[in-house]
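Asks: Let me give you the structure first, and then I'll get to my questions.
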Amino acid sequence: MTYFYITAIGAVDPAAIKVASATIETTFGFRPLQFGPLAMPPDAFDKVRNQFSSVAMLKELVARAPADCLRLFALTEKDLFIPMLTFLFGQAQLGGRVALVSLARLRQEFYGMPGNDPLLAVRMAKETLHEVGHTFNLLHCTDAGCAMALSTGIRALDAKHAAFCPACETLLKETLAEFEMEKTA
Ligand SMILES: [Zn+2]
Ligand SMILES: [Zn+2]
């Protein structure tokens, strides 16, 4: 038996964990078990960029994932980067076990505006679908309204729906059906 785990890297608002858990249960059919929180890996912080390495955090998740882990999904409040990009909303292993979403740029406060919890929840749902979708083999989608569309900024993210397009939904169902068969095999 394997489990879908959810965790935080560093301090994360518990309300955010609840929103992400509900999104995962509704869309993917797994009720996430809480795990951790995990400490920030010491090598994740980049002083020059004043950001945190997404790759260092994914490595930490791979290292810490329990043996009975189907998926380990993590939230962080820290702003993420990879060397070739200014920032990332999140990152995941394609077809792998770990995925990560940062709340930093999903918060209106990042853009100098007052906090907006309902908007934050919708943005989180979109990013959670996107990154967990990658772990179930979904690739970037050309439908700009699909949760699997690549978002390079907050406007593109806000233009997406918190749902998969019919094509991605079909692919996801096929992948999830294979998991069901493994369970009963
Ligand atoms: Zn992506
Ligand atoms: Zn799609």
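Every chain in the structure tokens has a letter given in the order shown (A, B, ...), and although residue numbers restart at 1 in each chain, ligands are simply numbered from 1 in the order shown.
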So that I can see what lies close to segment 132-134 of chain A, please list as a VMD selection string the residues with an atom at most 10 Å from it, counting only C-alpha atoms and leaving out residues fewer than 3 positions away in the same chain.
Replies: chain A and resid 24 27 to 28 71 to 73 91 to 101 127 to 129 137 to 140 147 to 148 164 168 to 169 172
Asks: Quick one: pick out all strand (DSSP E or B) residues within chain A from a backbone DSSP run and write them as JSON, numbers by chain.
Replies: {"A": [3, 4, 5, 6, 7, 8, 9, 33, 34, 38, 45, 46, 51, 52, 53, 69, 70, 71, 72, 73, 74, 75, 76, 80, 81, 82, 85, 86, 87, 88, 90, 91, 92, 98, 99, 100, 101, 102]}
Asks: Pick out each residue of segment 3-105 of chain A that DSSP on the backbone tags as helix (DSSP H, G or I); I need them as a list in words.
Replies: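 Output for segment 3-105 of chain A, helix (DSSP H, G or I) only: Pro14, Ala15, Ala16, Ile17, Lys18, Val19, Ala20, Ser21, Ala22, Thr23, Ile24, Glu25, Thr26, Thr27, Phe28, Ser54, Val55, Ala56, Met57, Leu58, Lys59, Glu60, Leu61, Val62, Ala63, Arg64, Ala104 and Arg105 of chain A.
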Asks: Please dump the current selection as a PDB file, in the first residue's frame; keep N, CA and C atoms.
Replies:
ATOM      1  N   PRO A  14      -1.025  26.741   7.619  1.00  0.00           N
ATOM      2  CA  PRO A  14      -1.782  25.477   7.608  1.00  0.00           C
ATOM      3  C   PRO A  14      -3.018  25.538   6.702  1.00  0.00           C
ATOM      4  N   ALA A  15      -3.605  26.729   6.539  1.00  0.00           N
ATOM      5  CA  ALA A  15      -4.777  26.870   5.662  1.00  0.00           C
ATOM      6  C   ALA A  15      -4.397  26.514   4.221  1.00  0.00           C
ATOM      7  N   ALA A  16      -3.179  26.835   3.834  1.00  0.00           N
ATOM      8  CA  ALA A  16      -2.706  26.535   2.471  1.00  0.00           C
ATOM      9  C   ALA A  16      -2.588  25.025   2.270  1.00  0.00           C
ATOM     10  N   ILE A  17      -2.117  24.328   3.289  1.00  0.00           N
ATOM     11  CA  ILE A  17      -1.988  22.861   3.220  1.00  0.00           C
ATOM     12  C   ILE A  17      -3.384  22.246   3.005  1.00  0.00           C
ATOM     13  N   LYS A  18      -4.373  22.814   3.705  1.00  0.00           N
ATOM     14  CA  LYS A  18      -5.747  22.295   3.580  1.00  0.00           C
ATOM     15  C   LYS A  18      -6.277  22.489   2.164  1.00  0.00           C
ATOM     16  N   VAL A  19      -6.037  23.670   1.594  1.00  0.00           N
ATOM     17  CA  VAL A  19      -6.507  23.948   0.225  1.00  0.00           C
ATOM     18  C   VAL A  19      -5.859  22.979  -0.760  1.00  0.00           C
ATOM     19  N   ALA A  20      -4.556  22.799  -0.638  1.00  0.00           N
ATOM     20  CA  ALA A  20      -3.848  21.903  -1.563  1.00  0.00           C
ATOM     21  C   ALA A  20      -4.343  20.465  -1.381  1.00  0.00           C
ATOM     22  N   SER A  21      -4.560  20.048  -0.141  1.00  0.00           N
ATOM     23  CA  SER A  21      -5.037  18.683   0.125  1.00  0.00           C
ATOM     24  C   SER A  21      -6.395  18.456  -0.515  1.00  0.00           C
ATOM     25  N   ALA A  22      -7.298  19.445  -0.374  1.00  0.00           N
ATOM     26  CA  ALA A  22      -8.642  19.318  -0.938  1.00  0.00           C
ATOM     27  C   ALA A  22      -8.571  19.225  -2.458  1.00  0.00           C
ATOM     28  N   THR A  23      -7.690  20.020  -3.067  1.00  0.00           N
ATOM     29  CA  THR A  23      -7.521  19.998  -4.526  1.00  0.00           C
ATOM     30  C   THR A  23      -7.043  18.617  -4.985  1.00  0.00           C
ATOM     31  N   ILE A  24      -6.076  18.078  -4.279  1.00  0.00           N
ATOM     32  CA  ILE A  24      -5.507  16.771  -4.644  1.00  0.00           C
ATOM     33  C   ILE A  24      -6.574  15.678  -4.510  1.00  0.00           C
ATOM     34  N   GLU A  25      -7.333  15.729  -3.415  1.00  0.00           N
ATOM     35  CA  GLU A  25      -8.349  14.689  -3.205  1.00  0.00           C
ATOM     36  C   GLU A  25      -9.436  14.761  -4.279  1.00  0.00           C
ATOM     37  N   THR A  26      -9.901  15.969  -4.566  1.00  0.00           N
ATOM     38  CA  THR A  26     -10.991  16.138  -5.532  1.00  0.00           C
ATOM     39  C   THR A  26     -10.571  15.699  -6.929  1.00  0.00           C
ATOM     40  N   THR A  27      -9.369  16.097  -7.357  1.00  0.00           N
ATOM     41  CA  THR A  27      -8.976  15.877  -8.751  1.00  0.00           C
ATOM     42  C   THR A  27      -8.288  14.539  -8.988  1.00  0.00           C
ATOM     43  N   PHE A  28      -7.452  14.127  -8.049  1.00  0.00           N
ATOM     44  CA  PHE A  28      -6.649  12.921  -8.276  1.00  0.00           C
ATOM     45  C   PHE A  28      -7.183  11.712  -7.500  1.00  0.00           C
ATOM     46  N   SER A  54      15.030  25.497  -6.348  1.00  0.00           N
ATOM     47  CA  SER A  54      13.970  24.510  -6.496  1.00  0.00           C
ATOM     48  C   SER A  54      14.558  23.097  -6.573  1.00  0.00           C
ATOM     49  N   VAL A  55      15.687  22.977  -7.253  1.00  0.00           N
ATOM     50  CA  VAL A  55      16.323  21.667  -7.422  1.00  0.00           C
ATOM     51  C   VAL A  55      16.790  21.123  -6.073  1.00  0.00           C
ATOM     52  N   ALA A  56      17.370  22.000  -5.225  1.00  0.00           N
ATOM     53  CA  ALA A  56      17.815  21.563  -3.893  1.00  0.00           C
ATOM     54  C   ALA A  56      16.622  21.063  -3.072  1.00  0.00           C
ATOM     55  N   MET A  57      15.482  21.747  -3.218  1.00  0.00           N
ATOM     56  CA  MET A  57      14.302  21.315  -2.456  1.00  0.00           C
ATOM     57  C   MET A  57      13.745  20.001  -2.985  1.00  0.00           C
ATOM     58  N   LEU A  58      13.718  19.830  -4.315  1.00  0.00           N
ATOM     59  CA  LEU A  58      13.232  18.555  -4.874  1.00  0.00           C
ATOM     60  C   LEU A  58      14.139  17.405  -4.430  1.00  0.00           C
ATOM     61  N   LYS A  59      15.446  17.655  -4.403  1.00  0.00           N
ATOM     62  CA  LYS A  59      16.395  16.620  -3.951  1.00  0.00           C
ATOM     63  C   LYS A  59      16.105  16.228  -2.503  1.00  0.00           C
ATOM     64  N   GLU A  60      15.811  17.249  -1.680  1.00  0.00           N
ATOM     65  CA  GLU A  60      15.488  16.995  -0.274  1.00  0.00           C
ATOM     66  C   GLU A  60      14.221  16.133  -0.172  1.00  0.00           C
ATOM     67  N   LEU A  61      13.235  16.445  -1.008  1.00  0.00           N
ATOM     68  CA  LEU A  61      11.984  15.668  -0.992  1.00  0.00           C
ATOM     69  C   LEU A  61      12.249  14.213  -1.389  1.00  0.00           C
ATOM     70  N   VAL A  62      13.070  14.010  -2.411  1.00  0.00           N
ATOM     71  CA  VAL A  62      13.403  12.644  -2.837  1.00  0.00           C
ATOM     72  C   VAL A  62      14.093  11.902  -1.686  1.00  0.00           C
ATOM     73  N   ALA A  63      15.013  12.603  -0.995  1.00  0.00           N
ATOM     74  CA  ALA A  63      15.763  11.972   0.092  1.00  0.00           C
ATOM     75  C   ALA A  63      14.871  11.652   1.289  1.00  0.00           C
ATOM     76  N   ARG A  64      13.879  12.494   1.540  1.00  0.00           N
ATOM     77  CA  ARG A  64      13.041  12.337   2.734  1.00  0.00           C
ATOM     78  C   ARG A  64      11.773  11.536   2.502  1.00  0.00           C
ATOM     79  N   ALA A 104       5.046  32.039  -2.617  1.00  0.00           N
ATOM     80  CA  ALA A 104       5.582  33.405  -2.588  1.00  0.00           C
ATOM     81  C   ALA A 104       4.931  34.315  -3.623  1.00  0.00           C
ATOM     82  N   ARG A 105       4.917  33.871  -4.877  1.00  0.00           N
ATOM     83  CA  ARG A 105       4.394  34.732  -5.960  1.00  0.00           C
ATOM     84  C   ARG A 105       2.921  34.483  -6.247  1.00  0.00           C
TER      85      ARG A 105
END
Asks: Could you give me, as a ChimeraX atom specification, the residues within 7 Å of Leu38 of chain A, counting only C-alpha atoms and dropping anything in the same chain fewer than 3 positions from it?
Replies: /A:8-10
Asks: Grab the residues selected above and save them as a PDB file, in the first residue's frame with N, CA and C atoms.
Replies:
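Contents of selection_14.pdb, as written:
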ATOM      1  N   ALA A   8       5.298  20.467   4.220  1.00  0.00           N
ATOM      2  CA  ALA A   8       5.756  21.847   4.084  1.00  0.00           C
ATOM      3  C   ALA A   8       7.269  21.846   4.211  1.00  0.00           C
ATOM      4  N   ILE A   9       7.928  22.707   3.435  1.00  0.00           N
ATOM      5  CA  ILE A   9       9.364  22.927   3.623  1.00  0.00           C
ATOM      6  C   ILE A   9       9.494  24.303   4.265  1.00  0.00           C
ATOM      7  N   GLY A  10       9.935  24.316   5.521  1.00  0.00           N
ATOM      8  CA  GLY A  10       9.908  25.559   6.300  1.00  0.00           C
ATOM      9  C   GLY A  10       8.479  25.816   6.774  1.00  0.00           C
TER      10      GLY A  10
END
Asks: If you measure from atom CA of Ala149 of chain A to atom CA of Cys165 of chain A, what distance in Å do you get, rounded to one decimal?
Replies: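 Atom CA of Cys165 of chain A lies at a distance of 9.6 Å from atom CA of Ala149 of chain A.
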Asks: What does the distance between atom CA of Ala162 of chain A and atom CA of Glu77 of chain A come to in Å, to one decimal place?
Replies: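 These two atoms are separated by 20.5 Å.
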Asks: So how far away is atom 1 (Zn, counted along the ligand's line) of ligand 2 from atom CA of Arg123 of chain A, in Å?
Replies: 16.7 Å
Asks: Which of these, A:Lys173, A:Lys126, A:Arg49, A:Lys160, has the shortest distance to Leu80 of chain A once you count only C-alpha atoms?
Replies: A:Arg49
Asks: I'd like to know which of A:Asp143, A:Glu182, A:Asp46, A:Asp68 is closest to His161 of chain A, using only C-alpha atoms.
Replies: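 Looking at the shortest contact to His161 of chain A, the residue is A:Asp143.
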Asks: Extract, using only C-alpha atoms, all DNA, RNA and protein residues at most 6 Å from Gln34 of chain A, discarding same-chain residues fewer than 2 positions from it, and format them as a PyMOL selection string.
Replies: chain A and resi 5-7
Asks: Find the residue from A:Val48, A:Val12, A:Met40, A:Leu88 that sits nearest to ligand 1; use only C-alpha atoms and all ligand atoms when measuring.
Replies: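 Of A:Val48, A:Val12, A:Met40, A:Leu88, the one nearest ligand 1, counting only C-alpha atoms and all ligand atoms, is A:Leu88.
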